[in-house]
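A.B. asks: I have a structure I would like to understand better, so I am pasting it below and will then ask my questions one at a time.
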Protein chains: 2
Amino acid sequence: MRSGRLVALRGVLHGFGVDAVVVPRADEHLGEYVPARAERLAWLTGFTGSAGLAAVTRDRAAVFSDGRYVLQLAAQTDAALWERRHMVEEPAAAWLVSALGGKGARVGYDPWLMPEEALKPYAEAGLVMVALPRNPVDAIWADQPPPPLQPALPHPLEFAGRAAAEKQAEVAAALREAGQNAAIVSDPASVAWLFNMRGSDVPFTPFALGFAIIHDDARCDLFMDAAKLPPQTRAWLGNAVSVQEREALPGALAQLAGKRVRADTVGTAAWFAQSLRQAGAEVVAGLDPCLLPKACKNAVEQQGSRSAHARDAVAVARFLHWLDQQAGRATEMSAAAALLSFRAAGEGFRGESFSAISGSGPNGAIIHYRVTPETDRTLQANEVYLIDSGAQYQSGTTDITRTVWTGPDAAPAELRDRYTRVLKGHIALATMVFPKGVCGAHLDGFARAALWQAGLDYDHGTGHGVGSFLSVHEGPVSISRAARPVPLAAGMILSNEPGFYAPGAYGIRIENLLLVRDAMLPAASKPFLAFETLSLAPIDRRLIEADLLTASERVWLDAYHARVLAEVAPHLDPEPRAWLTAACAPL
Amino acid sequence: MRSGRLVALRGVLHGFGVDAVVVPRADEHLGEYVPARAERLAWLTGFTGSAGLAAVTRDRAAVFSDGRYVLQLAAQTDAALWERRHMVEEPAAAWLVSALGGKGARVGYDPWLMPEEALKPYAEAGLVMVALPRNPVDAIWADQPPPPLQPALPHPLEFAGRAAAEKQAEVAAALREAGQNAAIVSDPASVAWLFNMRGSDVPFTPFALGFAIIHDDARCDLFMDAAKLPPQTRAWLGNAVSVQEREALPGALAQLAGKRVRADTVGTAAWFAQSLRQAGAEVVAGLDPCLLPKACKNAVEQQGSRSAHARDAVAVARFLHWLDQQAGRATEMSAAAALLSFRAAGEGFRGESFSAISGSGPNGAIIHYRVTPETDRTLQANEVYLIDSGAQYQSGTTDITRTVWTGPDAAPAELRDRYTRVLKGHIALATMVFPKGVCGAHLDGFARAALWQAGLDYDHGTGHGVGSFLSVHEGPVSISRAARPVPLAAGMILSNEPGFYAPGAYGIRIENLLLVRDAMLPAASKPFLAFETLSLAPIDRRLIEADLLTASERVWLDAYHARVLAEVAPHLDPEPRAWLTAACAPL
């Protein structure tokens with residue numbers, strides 16, 4: 001069947017006048033989660049990973065993904081049809097030059113699915129990139145699902161904290177300040193923030209897919225299917241927002257002729273900048289103007305996040321208590337399902353914020369592990385179990401990882417050493433105080449230093465931004481050496497998730513979310529920031545080597561556990577409450 | 001007199017066909033220290049700071065410098081002739097646009113004194129930058145000193161560690177790898193390294209000023225006045241090096257027509273890239289190819305640095321002992337002179353590596369303080385004295401800062417708190433272990449974290465690279481948030497100099513040099529690096545608040561002091577030895 005799809009795709013190359021096409025795993029918003037309609041790569045190749053691209057010439061075809069997906073790529077694609085490639089080690093551009101016999105070949109792409117930045121390597125490799133008037137897979141995908149039409153609903157002020165009109169005025173002021181007449185808003189998280197709306201068009205994230213243009217006088221054009229906008233939402237949007245169908249976008253861009261328009265070269269589809277230039281507008285490369293104000297949660301959102309975490313903590317405590325009796329019984333899948341059911345039983349749960357990572361023993365060492373019926377493992381006695389999960393509540397988004405020892409024996413010394421070093425890094429970051437201007441790249445090492453001292457490390461970033469009832473992975477700030485040079489600012493929510501992975505044996509990760517706050521330091525000569533830990537769940541004492549902790553690290557841990565107990569215990573039945581009391585006892 | 005110079009400079013504007021000229025504080029090598037001949041800015045304006053620029057139109061004139069020099073600029077220049085400007089707050093380009101009444105004006109500059117990167121802001125401001133055929137100040141400076149003609153002498157293998165031919169072959173291989181046919185070498189430190197030569201053309205740094213072109217087959221052209229090259233040096237250079245007068249440079253660049261030539265757009269004068277393009281060569285912007293290999297000292301240089309530090313440590317110990325009896329007697333100037341004389345009495349001393357910063361009481365809080373007869377202060381009892389100084393030895397370059405309490409009373413609690421926080425930062429950096437790939441920007445915060453916890457900080461970088469009998473400020477690596485994204489590598493020497501400054505009261509800085517080494521960690525799954533502290537001098541125990549140190553920080557301090565005592569004491573007379581023994585006693 002898939003060979004027929006590949007043949008069909010090759011059949012349209014000639015009509016498009018190109019020698020090859022590229023098919024990325026992306027939708028028009030270039031986000032992490034995409035609707036079924038945009039799963040073109042999976043439909044064409046069978047590969048369902050979250051990052052990938054197919055390149056198809058008349059006689060060769062390859063699927064590219066990264067190190068996380070080597071095994072999955074091999075398992076899901078047909079080697080008779082597809083070459084399987086590592087996109088970093090052999091970029092698609094180099095493969096295409098070789099497959100097409102040199103430079104100057106014409107490669108078709110859908111300008112709605114790639115940002116301008118992603119086109120550069122192809123052009124630099126000497127390929128002629130041809131923007132196609134229609135997506136080549138859509139041209140052959142007979143039963144392609146329709147675009148999602150879930151309703152976009154108001155995100156009430158009690159959660160949003162600020163009126164949409166106020167946000168729009170702030171963004172417009174920033175545009176005027178930068179001497180720009182308008183900006184393209186193509187990230188659905190930005191659309192959600194700018195209009196105080198939420199939807200359910202994609203999994204895990206309450207997006208209502210749409211585009212917007214915001215003008216320097218705060219007028220906004222929102223391009224969204226009318227069917228998605230019930231009367232209450234139209235009323236909520238107000239008169240300053242002109243709602244239009246997506247088909248009206250080209251015309252709206254044409255009206256920007258002669259204007260200076262900001263567009264993100266990384267986060268926005270190339271189609272926008274291309275259309276703007278064609279219309280005679282000046283395109284100014286720049287961050288989506290909603291990114292920074294959205295990242296800095298207002299006081300209502302901060303309080304909402306605290307309340308979401310308090311609620312989530314009850315479900316996590318119930319789960320950890322349940323889990324403690326499950327060695328030899330629960331599997332990775334049943335444990336994840338149990339946590340989901342504890343969350344679903346709580347008030348206001350709006351779904352998981354991502355698909356839980358539930359890995360026992362050696363599976364815990366696979367950083368992006370997704371359990372399947374084929375890999376599902378029963379939790380054994382005396383091993384390590386790692387679960388990384390999160391929830392959506394209207395008041396906030398959670399993301400927490402705990403690593404537990406199943407017992408009943410004492411955990412081995414090496415394991416306790418590793419776990420305690422991860423914990424020391426977690427505490428070092430949680431207790432950081434730093435001046436304004438510091439970026440995530442400057443803090444990343446603090447979460448690793450205790451591991452580094454022993455020649456150990458982990459191969460992922462330390463923290464990512466988290467939205468407010470939005471995406472669990474939110475820019476523009478992160479805590480990693482590769483972080484963008486954007487300083488941390490009060491109100492941002494970031495994860496704190498150092499880890500350690502022993503391949504084939506076990507994985508460790510301890511993750512809480514952090515809120516960036518103004519540090520109240522009487523002696524400070526300039527503004528300083530600090531973190532407030534939002535997540536509330538016990539850190540497994542059976543895995544801690546107390547002698548490795550400094551006095552102040554012990555103080556932190558005991559105080560944290562006391563806080564967990566005080567906030568969570570009142571909401572538990574006697575049995576889990578007793579369990580939590582023991583789990584939160586001073587070290 | 002200076003008004004005559006300004007008038008004379010204005011007189012040549014017309015002949016050059018420009019509306020204004022800029023006169024930077026720079027020589028043709030764009031280095032930190034320049035020969036007397038290149039002190040054009042000082043001759044023209046009176047301002048002797050190490051960073052500055054004059055801009056002169058027919059009716060206005062301004063001198064620009066940065067925050068360090070606000071007072072000095074005002075004191076040294078005549079307000080009737082010169083407007084005084086902060087180059088960051090009001091860049092020269094903006095001032096020129098305003099002074100010349102708008103865009104499109106023609107501004108002359110000497111392409112030998114500015115890199116291409118420095119020209120950009122002027123072009124972006126709409127000015128037409130005109131490369132002048134001759135320096136406009138030289139045209140009117142009748143008694144301009146001649147270029148220095150100090151001899152360039154061999155830097156023997158016992159100090160250099162690697163034959164020049166081997167270095168040249170390595171650089172040539174890197175050029176071939178990058179697909180480049182040649183590279184411009186205009187940094188005198190790179191010339192010194194590439195040819196294993198040292199000279200004395202500028203203060204503090206053993207440069208023999210000259211230029212070089214290195215070709216991808218390892219042939220080198222060295223452009224240096226024949227008078228500077230005695231026969232022994234000519235023989236030392238060998239047959240693969242073609243020595244030519246500087247006048248031969250244009251012809252040599254012309255012969256690179258059609259070639260790909262690497263030139264640094266920041267570190268190399270614009271004249272080179274301009275001449276290369278005019279000759280039909282392709283200019284590839286890239287780091288000076290000597291920078292990285294020069295920064296990574298070989299085993300002989302590392303051992304040489306240890307020996308230089310051991311020797312320097314004896315002079316520093318003698319000085320600190322002497323100083324301990326000087327409160328109420330020594331002044332900042334006499335103390336700096338005493339340290340110099342202790343160093344000069346040692347074996348193989350080749351001069352200071354920079355002009356010592358000797359600041360007592362409130363003067364210690366001026367980060368770039370240079371004592372003058374007008375500011376010279378007698379060291380008082382019960383105050384803080386800071387001295388930052390360094391030396392050149394053939395085997396290595398030193399740079400050390402110590403902050404001492406003059407006594408006899410106990411130091412106040414706040415001061416001990418600040419000093420101990422600086423010390424904690426110093427120890428945190430000195431004991432870092434980190435994987436390859438980490439850059440200075442990722443480590444900077446470790447030296448500050450203890451201060452940050454109290455809302456304190458210091459307004460300078462934590463560390464700079466140091467040469468091997470070369471510049472005390474050496475690129476490309478530094479330890480600061482603004483550091484270039486160049487990873488630290490084994491063999492690099494960097495300073496570790498956190499501080500704290502209480503304006504009007506005192507300054508604290510504790511500086512040792514660090515050598516980057518491979519960390520020997522049996523459990524490591526990838527290569528890790530660590531530091532070896534090179535500098536050896538007691539850290540004033542009278543300023544330490546022992547309760548603020550962790551157990552492992554105390555261990556480090558006691559071990560460091562034991563090492564200082566073991567290495568230095570055998571070279572001291574009984575009285576300073578007794579003093580050092582007390583100063584190095586366990587905490």
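Labeling convention for the structure tokens: chains A, B, ... as they appear, residues from 1 per chain, ligands from 1 in order of appearance.
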With 7 Å as the limit and counting only C-alpha atoms, what residues in chain B lie close to chain A? Please list them as an MDAnalysis selection string.

C.D. replies: chainID B and resid 433:434 441:442 445 452:456 521 523:525 528

A.B. asks: Can you list, as a PyMOL selection string, every residue of stretch 278-506 of chain B that DSSP puts in alpha helix (DSSP H)?

C.D. replies: chain B and resi 278+291-295+299-323+332-345+413-430+440-443+449-452

A.B. asks: Considering only C-alpha atoms, can you say which of A:Ile479, A:Leu423, A:Leu175, A:Ala208 comes closest to A:Glu545?

C.D. replies: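 For A:Glu545, the nearest of the candidates is A:Leu423.
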
A.B. asks: Identify, on the basis of only C-alpha atoms, every residue whose closest approach to B:Glu158 does not exceed 12 Å; exclude the query and any residue fewer than 6 positions from it along the same chain; express the result as number ranges by chain.

C.D. replies: B: 196, 298-304, 394-396

A.B. asks: Near B:Arg517, counting only C-alpha atoms, which residues have an atom at most 8 Å away, once you skip same-chain residues fewer than 3 positions from it, shown as a list in words?

C.D. replies: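 In the requested form, the answer reads Ala489, Ala490, Gly491, Leu529, Ala530, Phe531 and Glu532 of chain B.
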
A.B. asks: Please produce an output containing C-alpha atoms for each residue in the selection, written as a PDB file, in the first residue's frame.

C.D. replies:
```
ATOM      1  CA  ALA B 489      40.288  22.972  25.785  1.00  0.00           C
ATOM      2  CA  ALA B 490      43.224  21.333  27.509  1.00  0.00           C
ATOM      3  CA  GLY B 491      46.280  23.572  27.695  1.00  0.00           C
ATOM      4  CA  LEU B 529      38.261  18.790  31.749  1.00  0.00           C
ATOM      5  CA  ALA B 530      39.365  20.320  35.039  1.00  0.00           C
ATOM      6  CA  PHE B 531      41.592  23.168  36.217  1.00  0.00           C
ATOM      7  CA  GLU B 532      45.021  23.220  37.807  1.00  0.00           C
TER       8      GLU B 532
END
```

A.B. asks: For A:Gln255, find every residue with an atom within 10 Å (counting only C-alpha atoms), except residues of its own chain fewer than 3 positions away, and show them as a PyMOL selection string.

C.D. replies: chain A and resi 249-252+258-259+276+279-281

A.B. asks: If we count only C-alpha atoms and set the cut-off at 10 Å, which residues sit around B:Leu339, ignoring sequence neighbours fewer than 3 positions away in its own chain? Please answer as a PyMOL selection string.

C.D. replies: chain B and resi 315-320+322-323+334-336+342-345+356+387+389-390

A.B. asks: May I have the selected residues written with all heavy atoms, as a CSV table (one decimal), in the first residue's frame?

C.D. replies:
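Output below, filename out.csv:
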```csv
chain,number,residue,atom,x,y,z
B,315,ALA,N,58.6,36.1,44.7
B,315,ALA,CA,58.5,37.6,44.8
B,315,ALA,C,57.3,38.1,45.4
B,315,ALA,O,57.3,39.0,46.3
B,315,ALA,CB,58.7,38.2,43.4
B,316,VAL,N,56.2,37.4,45.1
B,316,VAL,CA,54.9,37.9,45.7
B,316,VAL,C,54.9,37.6,47.2
B,316,VAL,O,54.4,38.5,48.0
B,316,VAL,CB,53.7,37.2,45.0
B,316,VAL,CG1,52.4,37.4,45.8
B,316,VAL,CG2,53.6,37.6,43.6
B,317,ALA,N,55.4,36.5,47.7
B,317,ALA,CA,55.5,36.2,49.1
B,317,ALA,C,56.4,37.2,49.8
B,317,ALA,O,56.0,37.7,50.9
B,317,ALA,CB,56.0,34.8,49.3
B,318,ARG,N,57.5,37.5,49.2
B,318,ARG,CA,58.4,38.5,49.8
B,318,ARG,C,57.7,39.8,49.9
B,318,ARG,O,57.8,40.5,51.0
B,318,ARG,CB,59.7,38.7,49.0
B,318,ARG,CG,60.6,37.5,49.1
B,318,ARG,CD,61.9,37.7,48.4
B,318,ARG,NE,62.8,36.6,48.6
B,318,ARG,CZ,63.6,36.0,47.7
B,318,ARG,NH1,63.6,36.5,46.4
B,318,ARG,NH2,64.3,35.0,48.0
B,319,PHE,N,57.0,40.2,48.9
B,319,PHE,CA,56.2,41.4,48.9
B,319,PHE,C,55.2,41.5,50.0
B,319,PHE,O,55.0,42.4,50.7
B,319,PHE,CB,55.6,41.7,47.5
B,319,PHE,CG,54.6,42.7,47.5
B,319,PHE,CD1,54.9,44.1,47.6
B,319,PHE,CD2,53.2,42.4,47.4
B,319,PHE,CE1,54.0,45.1,47.6
B,319,PHE,CE2,52.2,43.4,47.4
B,319,PHE,CZ,52.6,44.7,47.5
B,320,LEU,N,54.4,40.4,50.1
B,320,LEU,CA,53.3,40.4,51.0
B,320,LEU,C,53.8,40.4,52.5
B,320,LEU,O,53.2,41.1,53.3
B,320,LEU,CB,52.4,39.1,50.8
B,320,LEU,CG,51.6,39.1,49.5
B,320,LEU,CD1,50.9,37.7,49.3
B,320,LEU,CD2,50.5,40.2,49.6
B,322,TRP,N,56.6,41.9,53.3
B,322,TRP,CA,57.1,43.3,53.4
B,322,TRP,C,55.9,44.2,53.7
B,322,TRP,O,55.9,45.1,54.6
B,322,TRP,CB,57.8,43.7,52.2
B,322,TRP,CG,58.1,45.2,52.0
B,322,TRP,CD1,59.2,45.9,52.5
B,322,TRP,CD2,57.3,46.2,51.4
B,322,TRP,NE1,59.1,47.2,52.2
B,322,TRP,CE2,57.9,47.4,51.5
B,322,TRP,CE3,56.0,46.1,50.7
B,322,TRP,CZ2,57.4,48.6,51.0
B,322,TRP,CZ3,55.5,47.3,50.2
B,322,TRP,CH2,56.2,48.5,50.3
B,323,LEU,N,54.8,44.0,52.9
B,323,LEU,CA,53.6,44.8,53.0
B,323,LEU,C,53.0,44.8,54.4
B,323,LEU,O,52.4,45.8,54.9
B,323,LEU,CB,52.6,44.3,51.9
B,323,LEU,CG,51.3,45.2,51.8
B,323,LEU,CD1,51.6,46.5,51.1
B,323,LEU,CD2,50.3,44.3,51.1
B,334,SER,N,54.4,53.3,46.1
B,334,SER,CA,55.6,52.7,46.6
B,334,SER,C,55.4,51.2,46.8
B,334,SER,O,56.4,50.4,46.6
B,334,SER,CB,56.1,53.3,47.9
B,334,SER,OG,55.2,52.9,49.0
B,335,ALA,N,54.2,50.8,47.1
B,335,ALA,CA,53.9,49.3,47.2
B,335,ALA,C,54.1,48.6,45.8
B,335,ALA,O,54.7,47.6,45.7
B,335,ALA,CB,52.5,49.1,47.7
B,336,ALA,N,53.5,49.3,44.8
B,336,ALA,CA,53.7,48.7,43.4
B,336,ALA,C,55.1,48.6,43.1
B,336,ALA,O,55.6,47.6,42.5
B,336,ALA,CB,52.9,49.5,42.4
B,342,PHE,N,60.9,43.4,44.0
B,342,PHE,CA,61.0,42.0,44.4
B,342,PHE,C,61.1,41.1,43.2
B,342,PHE,O,61.8,40.1,43.1
B,342,PHE,CB,59.9,41.6,45.3
B,342,PHE,CG,60.0,42.1,46.8
B,342,PHE,CD1,59.1,43.0,47.3
B,342,PHE,CD2,61.1,41.6,47.6
B,342,PHE,CE1,59.3,43.4,48.6
B,342,PHE,CE2,61.2,42.0,48.9
B,342,PHE,CZ,60.3,43.0,49.4
B,343,ARG,N,60.2,41.4,42.2
B,343,ARG,CA,60.2,40.6,41.0
B,343,ARG,C,61.5,40.7,40.3
B,343,ARG,O,62.1,39.7,39.8
B,343,ARG,CB,59.1,41.0,40.1
B,343,ARG,CG,57.7,40.4,40.5
B,343,ARG,CD,56.7,40.6,39.5
B,343,ARG,NE,55.5,39.8,39.7
B,343,ARG,CZ,54.3,40.2,39.9
B,343,ARG,NH1,54.0,41.5,40.0
B,343,ARG,NH2,53.3,39.4,40.1
B,344,ALA,N,62.0,42.0,40.1
B,344,ALA,CA,63.2,42.2,39.4
B,344,ALA,C,64.4,41.5,40.0
B,344,ALA,O,65.4,41.2,39.3
B,344,ALA,CB,63.5,43.7,39.2
B,345,ALA,N,64.4,41.3,41.3
B,345,ALA,CA,65.5,40.7,42.0
B,345,ALA,C,65.5,39.2,41.7
B,345,ALA,O,66.5,38.5,41.9
B,345,ALA,CB,65.4,40.9,43.5
B,356,ALA,N,50.6,47.6,37.1
B,356,ALA,CA,49.9,47.1,38.3
B,356,ALA,C,48.8,48.0,38.7
B,356,ALA,O,48.9,49.2,38.6
B,356,ALA,CB,50.9,46.9,39.4
B,387,ILE,N,46.0,44.6,45.2
B,387,ILE,CA,47.1,44.7,44.2
B,387,ILE,C,47.0,43.6,43.1
B,387,ILE,O,46.9,42.4,43.4
B,387,ILE,CB,48.5,44.8,44.8
B,387,ILE,CG1,49.5,45.0,43.7
B,387,ILE,CG2,48.8,43.7,45.7
B,387,ILE,CD1,50.8,45.7,44.1
B,389,SER,N,48.7,42.4,39.6
B,389,SER,CA,49.9,42.7,38.9
B,389,SER,C,50.3,41.4,38.2
B,389,SER,O,49.8,40.3,38.4
B,389,SER,CB,51.0,43.1,39.9
B,389,SER,OG,51.4,42.0,40.7
B,390,GLY,N,51.4,41.5,37.4
B,390,GLY,CA,51.8,40.3,36.7
B,390,GLY,C,53.2,40.5,36.1
B,390,GLY,O,53.7,41.6,36.1
```

A.B. asks: Hey, can you check how far atom CA of A:Gly179 sits from atom CA of A:Asp288?

C.D. replies: 15.0 Å
